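Coordinates as given in structure32.txt (compact mmCIF, C-alpha atoms):
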# COMPACT_ATOMS: atom_id res chain seq x y z
CA MET A 1 -6.59 24.72 11.67
CA GLY A 2 -9.38 22.19 11.11
CA ILE A 3 -8.72 18.62 10.00
CA TYR A 4 -9.76 19.43 6.43
CA GLU A 5 -7.27 22.30 6.26
CA GLU A 6 -4.62 19.96 7.68
CA LEU A 7 -5.32 17.37 4.96
CA VAL A 8 -4.87 20.09 2.34
CA ALA A 9 -1.67 21.35 3.98
CA ARG A 10 -0.28 17.81 4.00
CA GLY A 11 -0.91 17.50 0.27
CA LEU A 12 -3.48 14.72 0.61
CA ILE A 13 -6.34 16.16 -1.41
CA ALA A 14 -6.35 15.95 -5.20
CA GLN A 15 -10.00 16.55 -6.24
CA VAL A 16 -13.24 17.10 -4.37
CA THR A 17 -16.93 17.65 -4.93
CA ASN A 18 -18.88 20.09 -2.74
CA GLU A 19 -15.77 21.45 -1.00
CA ASP A 20 -17.55 23.80 1.42
CA GLU A 21 -19.85 21.02 2.60
CA ILE A 22 -16.94 18.62 2.87
CA ARG A 23 -14.93 21.07 4.96
CA GLN A 24 -17.78 21.71 7.37
CA MET A 25 -18.70 18.04 7.73
CA ILE A 26 -15.15 16.80 8.33
CA ASN A 27 -14.15 19.62 10.65
CA ASN A 28 -17.27 19.00 12.77
CA GLY A 29 -16.69 15.24 12.92
CA LYS A 30 -19.93 14.51 11.05
CA ALA A 31 -18.56 12.42 8.19
CA THR A 32 -19.18 8.71 7.85
CA PHE A 33 -16.81 7.79 5.07
CA TYR A 34 -15.52 4.68 3.39
CA ILE A 35 -12.38 3.52 1.60
CA GLY A 36 -12.41 0.28 -0.36
CA PHE A 37 -9.69 -2.38 -0.31
CA ASP A 38 -9.82 -5.16 -2.91
CA CYS A 39 -8.39 -8.45 -1.62
CA THR A 40 -5.90 -9.19 -4.39
CA ALA A 41 -3.18 -10.42 -1.99
CA ASP A 42 -2.87 -11.75 1.56
CA SER A 43 -1.31 -8.53 2.85
CA LEU A 44 -1.77 -4.81 2.48
CA THR A 45 1.21 -2.95 1.03
CA ALA A 46 2.98 0.33 1.68
CA GLY A 47 0.82 1.67 -1.15
CA HIS A 48 -2.20 1.30 1.17
CA PHE A 49 -0.44 3.21 3.94
CA MET A 50 -1.76 6.60 2.85
CA ALA A 51 -5.36 5.40 2.96
CA LEU A 52 -4.92 3.80 6.39
CA ALA A 53 -3.19 6.88 7.81
CA LEU A 54 -5.95 9.07 6.35
CA MET A 55 -8.62 6.96 8.05
CA LYS A 56 -6.75 7.25 11.34
CA ARG A 57 -6.46 11.04 11.05
CA LEU A 58 -10.17 11.46 10.31
CA GLN A 59 -11.19 9.09 13.11
CA MET A 60 -9.04 11.05 15.57
CA ALA A 61 -11.02 14.15 14.50
CA GLY A 62 -14.33 12.46 15.38
CA ASN A 63 -15.36 11.12 11.99
CA ARG A 64 -16.45 7.50 11.46
CA PRO A 65 -14.47 5.29 9.04
CA ILE A 66 -15.82 2.31 7.14
CA ALA A 67 -13.14 -0.05 5.88
CA LEU A 68 -14.85 -1.74 2.95
CA ILE A 69 -13.31 -5.11 2.17
CA GLY A 70 -13.83 -5.92 -1.50
CA GLY A 71 -14.84 -9.55 -1.25
CA GLY A 72 -17.27 -8.99 -4.12
CA THR A 73 -15.45 -6.46 -6.32
CA THR A 74 -12.24 -8.52 -6.17
CA MET A 75 -14.08 -11.22 -8.12
CA ILE A 76 -14.38 -8.75 -11.01
CA GLY A 77 -11.07 -6.89 -10.82
CA ASP A 78 -10.46 -3.16 -11.08
CA PRO A 79 -9.04 -2.22 -14.52
CA SER A 80 -7.76 1.16 -13.25
CA GLY A 81 -4.04 1.55 -13.84
CA ARG A 82 -3.79 -1.93 -15.36
CA SER A 83 -2.39 -2.86 -18.76
CA ASP A 84 -3.86 -6.35 -18.56
CA MET A 85 -6.56 -8.27 -16.71
CA ARG A 86 -5.95 -9.22 -13.09
CA LYS A 87 -5.58 -12.86 -12.13
CA MET A 88 -8.95 -14.28 -11.13
CA LEU A 89 -9.01 -15.51 -7.54
CA THR A 90 -11.23 -18.14 -5.94
CA LYS A 91 -13.73 -17.18 -3.25
CA GLU A 92 -11.60 -19.10 -0.74
CA ASP A 93 -8.51 -17.06 -1.69
CA ILE A 94 -10.46 -13.82 -1.39
CA ASP A 95 -11.91 -14.77 2.02
CA HIS A 96 -8.42 -15.63 3.30
CA ASN A 97 -7.01 -12.34 2.04
CA ALA A 98 -9.89 -10.42 3.62
CA ALA A 99 -9.16 -11.98 7.02
CA CYS A 100 -5.49 -10.97 6.67
CA PHE A 101 -6.49 -7.39 5.82
CA LYS A 102 -8.67 -7.17 8.91
CA ARG A 103 -5.82 -8.09 11.26
CA GLN A 104 -3.55 -5.47 9.72
CA MET A 105 -6.16 -2.69 9.67
CA GLU A 106 -6.82 -3.13 13.38
CA ARG A 107 -3.36 -1.69 14.07
CA PHE A 108 -4.42 1.63 12.53
CA ILE A 109 -8.13 2.00 13.14
CA ASP A 110 -10.28 1.59 16.26
CA PHE A 111 -13.07 -0.86 15.43
CA GLY A 112 -14.52 -0.78 18.94
CA GLU A 113 -18.25 -0.63 19.62
CA GLY A 114 -19.84 2.44 18.04
CA LYS A 115 -16.59 3.37 16.26
CA ALA A 116 -15.16 2.29 12.91
CA LEU A 117 -16.85 -0.41 10.86
CA MET A 118 -15.33 -3.17 8.75
CA ILE A 119 -17.74 -4.42 6.10
CA ASN A 120 -17.36 -6.86 3.20
CA ASN A 121 -19.16 -5.95 -0.03
CA ALA A 122 -19.54 -9.65 -0.80
CA ASP A 123 -22.44 -9.49 1.69
CA TRP A 124 -24.58 -7.68 -0.90
CA LEU A 125 -22.83 -7.93 -4.26
CA LEU A 126 -22.85 -11.72 -4.35
CA LYS A 127 -26.58 -11.76 -3.67
CA LEU A 128 -27.53 -9.47 -6.54
CA ASN A 129 -29.85 -10.76 -9.25
CA TYR A 130 -28.32 -9.79 -12.57
CA VAL A 131 -31.53 -8.81 -14.35
CA GLU A 132 -32.73 -6.82 -11.35
CA LEU A 133 -29.38 -5.05 -11.18
CA LEU A 134 -29.57 -4.14 -14.86
CA ARG A 135 -33.02 -2.66 -14.36
CA GLU A 136 -32.31 -0.86 -11.10
CA VAL A 137 -28.74 0.36 -11.68
CA GLY A 138 -27.77 -0.23 -15.31
CA ALA A 139 -30.29 2.32 -16.55
CA CYS A 140 -28.47 5.03 -14.58
CA PHE A 141 -25.17 4.61 -16.49
CA SER A 142 -24.30 5.91 -19.94
CA VAL A 143 -22.01 3.56 -21.85
CA ASN A 144 -20.67 6.56 -23.79
CA ASN A 145 -19.66 8.28 -20.54
CA MET A 146 -18.17 5.09 -19.14
CA LEU A 147 -15.98 4.61 -22.21
CA ARG A 148 -14.65 8.13 -21.78
CA ALA A 149 -13.54 7.34 -18.21
CA GLU A 150 -9.76 7.33 -17.75
CA CYS A 151 -9.84 3.95 -16.03
CA TYR A 152 -11.20 2.36 -19.24
CA LYS A 153 -9.56 4.45 -21.97
CA GLN A 154 -6.06 3.08 -21.36
CA ARG A 155 -7.34 -0.47 -21.79
CA MET A 156 -9.30 0.00 -25.00
CA GLU A 157 -6.39 -0.75 -27.34
CA LYS A 158 -5.34 -3.99 -25.61
CA GLY A 159 -8.87 -5.03 -24.87
CA LEU A 160 -11.24 -4.54 -21.95
CA SER A 161 -13.21 -7.58 -20.83
CA PHE A 162 -16.94 -7.25 -20.17
CA LEU A 163 -16.21 -8.59 -16.68
CA GLU A 164 -13.96 -5.61 -15.89
CA PHE A 165 -16.36 -3.20 -17.61
CA ASN A 166 -18.83 -3.92 -14.81
CA TYR A 167 -16.40 -2.79 -12.09
CA MET A 168 -17.56 0.84 -12.14
CA ILE A 169 -21.16 -0.27 -11.64
CA MET A 170 -20.22 -2.53 -8.74
CA GLN A 171 -18.15 0.18 -7.02
CA SER A 172 -20.91 2.72 -7.53
CA TYR A 173 -23.44 0.30 -6.08
CA ASP A 174 -21.22 -0.03 -2.97
CA PHE A 175 -21.57 3.68 -2.20
CA TYR A 176 -25.31 3.54 -2.91
CA TYR A 177 -25.71 0.58 -0.54
CA LEU A 178 -23.54 2.09 2.21
CA PHE A 179 -25.41 5.39 1.96
CA GLN A 180 -28.75 3.66 2.44
CA HIS A 181 -27.79 1.14 5.13
CA TYR A 182 -24.97 2.81 7.08
CA GLY A 183 -25.48 6.54 6.57
CA CYS A 184 -22.19 6.75 4.66
CA ASN A 185 -22.00 10.23 3.15
CA MET A 186 -18.43 10.36 1.86
CA GLN A 187 -15.92 8.26 -0.04
CA PHE A 188 -12.16 8.45 -0.39
CA GLY A 189 -9.84 6.85 -2.91
CA GLY A 190 -6.87 7.38 -5.21
CA ASP A 191 -7.36 9.92 -7.97
CA ASP A 192 -7.26 7.14 -10.56
CA GLN A 193 -10.65 6.19 -9.08
CA TRP A 194 -12.27 9.53 -9.86
CA SER A 195 -14.59 8.23 -12.61
CA ASN A 196 -15.65 5.20 -10.56
CA MET A 197 -16.37 7.35 -7.53
CA LEU A 198 -18.35 9.96 -9.44
CA GLY A 199 -20.45 7.04 -10.66
CA GLY A 200 -21.45 6.38 -7.06
CA THR A 201 -22.49 9.95 -6.30
CA GLU A 202 -24.44 10.10 -9.56
CA LEU A 203 -26.22 6.81 -8.81
CA ILE A 204 -27.35 8.10 -5.42
CA ARG A 205 -28.60 11.32 -6.98
CA ARG A 206 -30.50 9.46 -9.70
CA LYS A 207 -32.07 6.91 -7.36
CA LEU A 208 -32.71 8.97 -4.22
CA GLY A 209 -33.11 12.53 -5.48
CA LYS A 210 -31.26 15.82 -5.19
CA ASP A 211 -31.51 16.02 -1.40
CA ALA A 212 -29.70 12.72 -1.08
CA HIS A 213 -27.06 13.89 -3.54
CA ALA A 214 -26.36 16.89 -1.31
CA MET A 215 -25.32 14.44 1.38
CA THR A 216 -22.94 12.42 -0.77
CA ILE A 217 -19.42 13.77 -1.01
CA THR A 218 -16.35 12.48 -2.79
CA LEU A 219 -12.77 13.26 -1.86
CA LEU A 220 -9.70 11.82 -3.51
CA THR A 221 -6.30 11.21 -2.04
CA ASP A 222 -3.32 11.81 -4.28
CA SER A 223 -2.42 8.93 -6.60
CA GLN A 224 1.03 8.85 -5.00
CA GLY A 225 -0.54 6.44 -2.53
CA ASN A 226 -1.03 3.97 -5.35
CA LYS A 227 2.47 4.45 -6.74
CA MET A 228 4.48 4.20 -3.54
CA GLY A 229 5.36 0.90 -1.98
CA LYS A 230 7.17 -0.67 -4.91
CA THR A 231 10.86 -1.50 -4.92
CA ALA A 232 12.71 -3.39 -7.64
CA GLY A 233 9.33 -4.42 -9.04
CA ASN A 234 8.22 -6.03 -5.77
CA ALA A 235 5.62 -4.87 -3.29
CA VAL A 236 6.62 -3.58 0.15
CA TRP A 237 4.21 -5.44 2.39
CA LEU A 238 2.81 -4.48 5.79
CA ASP A 239 3.02 -8.15 6.86
CA ALA A 240 6.30 -8.69 8.71
CA ASN A 241 6.52 -12.22 7.32
CA LYS A 242 6.61 -10.85 3.77
CA THR A 243 8.61 -7.64 4.32
CA SER A 244 10.63 -7.64 7.54
CA PRO A 245 10.62 -4.53 9.79
CA TYR A 246 14.23 -3.92 8.72
CA GLU A 247 13.35 -4.12 5.01
CA PHE A 248 10.35 -1.86 5.60
CA TYR A 249 12.57 0.65 7.43
CA GLN A 250 15.18 0.51 4.68
CA TYR A 251 12.61 1.12 1.96
CA TRP A 252 11.63 4.45 3.51
CA ARG A 253 15.23 5.25 4.51
CA ASN A 254 16.17 5.02 0.82
CA VAL A 255 13.51 7.30 -0.70
CA GLY A 256 14.79 10.05 -2.99
CA ASP A 257 15.80 13.45 -1.67
CA ALA A 258 12.94 15.07 -3.59
CA ASP A 259 10.32 12.82 -1.93
CA VAL A 260 11.35 12.62 1.70
CA LEU A 261 9.65 15.76 3.01
CA LYS A 262 6.56 15.09 0.89
CA PHE A 263 6.25 11.64 2.45
CA ILE A 264 6.87 12.96 5.97
CA ARG A 265 4.10 15.50 5.43
CA MET A 266 1.64 13.01 3.92
CA LEU A 267 2.27 9.88 5.95
CA THR A 268 3.57 10.71 9.42
CA PHE A 269 1.69 12.25 12.34
CA LEU A 270 4.45 14.73 13.15
CA PRO A 271 3.17 18.30 13.68
CA LEU A 272 3.16 20.44 10.56
CA GLU A 273 5.19 23.09 12.38
CA GLN A 274 8.00 20.58 12.93
CA ILE A 275 7.85 19.46 9.30
CA ASP A 276 7.92 23.06 8.07
CA GLU A 277 11.21 23.56 9.92
CA MET A 278 12.67 20.62 7.95
CA ALA A 279 11.85 22.34 4.66
CA ALA A 280 15.16 24.20 4.80
CA TRP A 281 17.19 21.04 5.39
CA GLU A 282 19.68 20.01 2.75
CA GLY A 283 22.72 17.81 2.28
CA SER A 284 23.35 15.48 5.21
CA GLN A 285 20.27 16.84 6.97
CA LEU A 286 18.13 15.11 4.34
CA ASN A 287 19.59 11.78 5.49
CA ARG A 288 18.37 12.63 8.98
CA ALA A 289 14.94 13.41 7.53
CA LYS A 290 14.92 9.99 5.85
CA GLU A 291 15.76 8.33 9.18
CA ILE A 292 12.86 10.19 10.80
CA LEU A 293 10.49 9.08 8.03
CA ALA A 294 11.63 5.46 8.22
CA PHE A 295 11.43 5.34 12.02
CA GLU A 296 8.00 6.97 12.24
CA LEU A 297 6.40 4.69 9.64
CA THR A 298 8.05 1.51 10.94
CA SER A 299 6.84 2.39 14.44
CA ILE A 300 3.26 2.74 13.21
CA VAL A 301 3.27 -0.56 11.31
CA HIS A 302 5.54 -2.77 13.44
CA GLY A 303 5.84 -1.00 16.79
CA GLU A 304 8.52 1.21 18.32
CA GLU A 305 10.70 -1.68 19.49
CA GLU A 306 11.00 -3.14 15.98
CA ALA A 307 11.63 0.34 14.59
CA ARG A 308 14.54 0.84 17.00
CA LYS A 309 16.00 -2.54 16.06
CA ALA A 310 15.75 -1.69 12.37
CA GLU A 311 17.32 1.70 12.96
CA ALA A 312 20.23 0.14 14.85
CA SER A 313 20.84 -2.43 12.11
CA ALA A 314 20.75 0.24 9.41
CA ARG A 315 23.29 2.35 11.25
CA ALA A 316 25.49 -0.70 11.68
CA LEU A 317 25.62 -1.11 7.91
CA PHE A 318 25.76 2.49 6.76
CA ALA A 319 27.28 4.42 9.65
CA GLY A 320 29.77 1.93 11.00
CA GLY A 321 28.11 1.39 14.36
CA GLY A 322 25.15 -0.25 16.05
CA ASP A 323 23.74 -3.75 16.19
CA SER A 324 23.52 -5.75 12.95
CA GLN A 325 21.73 -8.78 14.39
CA HIS A 326 18.28 -7.62 13.23
CA MET A 327 19.06 -7.23 9.53
CA PRO A 328 17.30 -9.63 7.12
CA THR A 329 18.70 -13.14 7.54
CA THR A 330 18.25 -16.21 5.37
CA GLU A 331 18.70 -19.48 7.27
CA LEU A 332 20.02 -22.38 5.21
CA THR A 333 19.76 -26.09 5.98
CA GLU A 334 22.25 -28.90 5.42
CA SER A 335 19.88 -30.47 2.87
CA GLU A 336 20.34 -27.45 0.58
CA LEU A 337 24.10 -27.96 0.27
CA VAL A 338 25.53 -29.47 -2.88
CA ASN A 339 28.67 -31.50 -2.12
CA GLY A 340 28.87 -29.67 1.20
CA ALA A 341 28.78 -26.16 -0.27
CA LEU A 342 26.74 -23.52 -2.14
CA ASP A 343 27.74 -21.22 -4.97
CA ILE A 344 27.30 -17.44 -4.86
CA LEU A 345 24.63 -17.38 -7.58
CA THR A 346 22.46 -19.76 -5.57
CA LEU A 347 23.03 -17.71 -2.42
CA LEU A 348 22.01 -14.44 -4.10
CA VAL A 349 18.78 -16.02 -5.34
CA ARG A 350 18.10 -17.89 -2.09
CA SER A 351 18.54 -14.68 -0.09
CA GLY A 352 16.11 -12.81 -2.33
CA LEU A 353 18.70 -10.24 -3.42
CA CYS A 354 18.34 -11.43 -7.02
CA ALA A 355 15.34 -13.01 -8.73
CA THR A 356 17.32 -15.38 -10.97
CA LYS A 357 20.83 -16.72 -11.40
CA SER A 358 21.11 -14.75 -14.64
CA GLU A 359 20.35 -11.55 -12.74
CA ALA A 360 22.85 -12.55 -10.06
CA ARG A 361 25.58 -13.19 -12.66
CA ARG A 362 24.86 -9.83 -14.30
CA ASN A 363 25.13 -7.98 -10.98
CA ILE A 364 28.48 -9.64 -10.24
CA GLN A 365 29.83 -8.82 -13.69
CA GLN A 366 28.81 -5.18 -13.20
CA GLY A 367 30.60 -5.01 -9.84
CA GLY A 368 27.42 -4.72 -7.82
CA VAL A 369 27.88 -7.63 -5.39
CA ALA A 370 29.96 -7.76 -2.22
CA VAL A 371 30.46 -10.49 0.39
CA ASP A 372 31.50 -9.44 3.91
CA GLY A 373 32.36 -5.99 2.60
CA GLU A 374 34.56 -7.08 -0.32
CA LYS A 375 33.50 -6.73 -3.95
CA LEU A 376 33.04 -10.08 -5.68
CA THR A 377 34.12 -10.62 -9.29
CA ASP A 378 34.00 -14.44 -9.59
CA PHE A 379 30.48 -15.71 -10.23
CA ASN A 380 31.74 -19.28 -9.83
CA LYS A 381 32.70 -18.62 -6.20
CA VAL A 382 31.65 -21.44 -3.83
CA TYR A 383 31.32 -21.30 -0.02
CA ASP A 384 31.68 -24.42 2.11
CA ALA A 385 29.69 -25.37 5.20
CA SER A 386 32.14 -23.81 7.66
CA ALA A 387 31.96 -20.42 5.93
CA LEU A 388 28.18 -20.59 5.80
CA LYS A 389 27.94 -21.53 9.48
CA ALA A 390 29.99 -18.46 10.33
CA GLY A 391 27.55 -16.41 8.28
CA LEU A 392 28.06 -14.33 5.14
CA LEU A 393 26.88 -10.75 4.69
CA LEU A 394 25.76 -10.33 1.08
CA ARG A 395 25.23 -6.95 -0.54
CA ARG A 396 23.68 -6.14 -3.92
CA GLY A 397 24.04 -2.57 -5.01
CA LYS A 398 24.64 0.03 -2.34
CA LYS A 399 21.69 -0.58 -0.05
CA ASN A 400 20.41 -4.17 -0.33
CA TYR A 401 21.77 -6.50 2.34
CA ASN A 402 21.07 -10.02 3.55
CA LYS A 403 22.91 -12.30 5.95
CA VAL A 404 22.98 -16.00 4.97
CA LEU A 405 23.56 -18.48 7.73
CA LEU A 406 23.73 -22.27 7.83
CA LYS A 407 21.92 -23.54 10.92
For the structure just supplied, provide its representation as structure tokens.
Amino acid sequence: MGIYEELVARGLIAQVTNEDEIRQMINNGKATFYIGFDCTADSLTAGHFMALALMKRLQMAGNRPIALIGGGTTMIGDPSGRSDMRKMLTKEDIDHNAACFKRQMERFIDFGEGKALMINNADWLLKLNYVELLREVGACFSVNNMLRAECYKQRMEKGLSFLEFNYMIMQSYDFYYLFQHYGCNMQFGGDDQWSNMLGGTELIRRKLGKDAHAMTITLLTDSQGNKMGKTAGNAVWLDANKTSPYEFYQYWRNVGDADVLKFIRMLTFLPLEQIDEMAAWEGSQLNRAKEILAFELTSIVHGEEEARKAEASARALFAGGGDSQHMPTTELTESELVNGALDILTLLVRSGLCATKSEARRNIQQGGVAVDGEKLTDFNKVYDASALKAGLLLRRGKKNYNKVLLK
């Protein structure tokens, strides 16, 4: 089985152009491909994991990845999948976020000499002359076709800014530039990017001729990569300072029964033969599959040692054994105490288990909060310094834990 056939078997391919050419190029290790990452935060999320794992798989098969940091496109903002306009970031914010992305990507991809490249599209997009761009690139785009693109249609009722309308042109220009200067002949992205990506292949064809078009190939990873990585409305970050290894492990340990094998197939590097054997698993065996998924992904992102610690802590909470010292812990200071104590609503918010005191009160009233294993019903409950120094294990719902400790 070639690498292209493996990508199909793992459920990673949604749409392609020129499939026969793609298959031959990837299987022979001849692809130079890029995936773009806009710098909207200071950490990548679990939603980026599919793209990073895909780059790793293709590099292992001899292909050359380009990680394109969107220092320029982030200044515009991608409207795809958005109901409103993204917050506009400063150049300093974007540069900081780009540096953070680079450190995280280096755990997945080999950027050694002659291997993968990391490039920032700010290097060319910020130097463009607007009138020259309109003449050189704008003439290649039909406004009628752009308005029919899925990434724009969903925004038409609420309003699409002219700033965002330019995003497709900027992304298309990226592929055009990379094709000319780096020999990049392929692009990957989520299937919500299909219209934007086709714009790039069409621009190359229009500007460089049919022979050049034959060398430009677009593949799309399933949009599941853009949907995963969200829990309770919050992102699951790859940065351990934002999402601890334990929290990262627990996120994957708690995926639904219907998703666990799909995620193992798409995201882990376990052999397909081993995964196929799991297809018949049911009942308690699915819990074992979730542990395998959580361990494998935590090992990739945070290392095997942290994955084993997270696994031990999870078993301590859910299986009655193991070491609980590595579960998420919130350290309190004496200055936070009010009259030498803290109330449970404050503790639930301070620990991050609830976003607000109103949410904390509602969870208590619904019977969804426990302290040291006992359900709590009094939302006026107060804990003094001695209790906090001993440490309290808070639980919201069935699977969200945090230990609060006064240092």
Please determine, counting all atoms listed in the file, which residue among A:Pro65, A:Gly71, A:Gly391, A:Gly340 has the shortest atom-to-atom distance to A:Ala41. A:Gly71
Using all atoms listed in the file, find the one residue out of A:Gly352, A:Gly303, A:Gly397, A:Gly62 that sits nearest to A:Pro328.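 Under the stated criterion, the closest residue is A:Gly352.
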Report as a PyMOL selection string all protein, DNA and RNA residues lying within 12 Å of A:Ala355, evaluated on all atoms listed in the file, omitting residues in the same chain fewer than 4 positions from it. chain A and resi 232-234+345-351+359-363+396
Skip A:His302 itself and residues of its chain fewer than 3 positions away, then list as a list in words all residues within 12 Å of it, counting only C-alpha atoms. Gln104, Arg107, Phe108, Trp237, Leu238, Asp239, Ala240, Asn241, Thr243, Ser244, Pro245, Tyr246, Glu247, Phe248, Tyr249, Ala294, Phe295, Glu296, Leu297, Thr298, Ser299, Glu305, Glu306, Ala307, Arg308, Lys309 and Ala310 of chain A
Have a look at A:Val260, A:Ile94, A:Ala14, A:Leu406 and name the one nearest to A:Asp192; count all atoms listed in the file.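 Comparing A:Val260, A:Ile94, A:Ala14, A:Leu406 against A:Asp192, the winner is A:Ala14.
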Find the residue from A:His96, A:Arg57, A:Lys399, A:Arg288 that sits nearest to A:Met266; use all atoms listed in the file when measuring.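 Closest to A:Met266 of all the choices is A:Arg57.
Taking atom CA of A:Met1 and atom CA of A:Glu273 as the two end points, the separation is 11.9 Å.
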Counting all atoms listed in the file, which residue out of A:Gln171, A:Asn27, A:Thr17, A:Ser142 sits closest to A:Gly70? A:Gln171
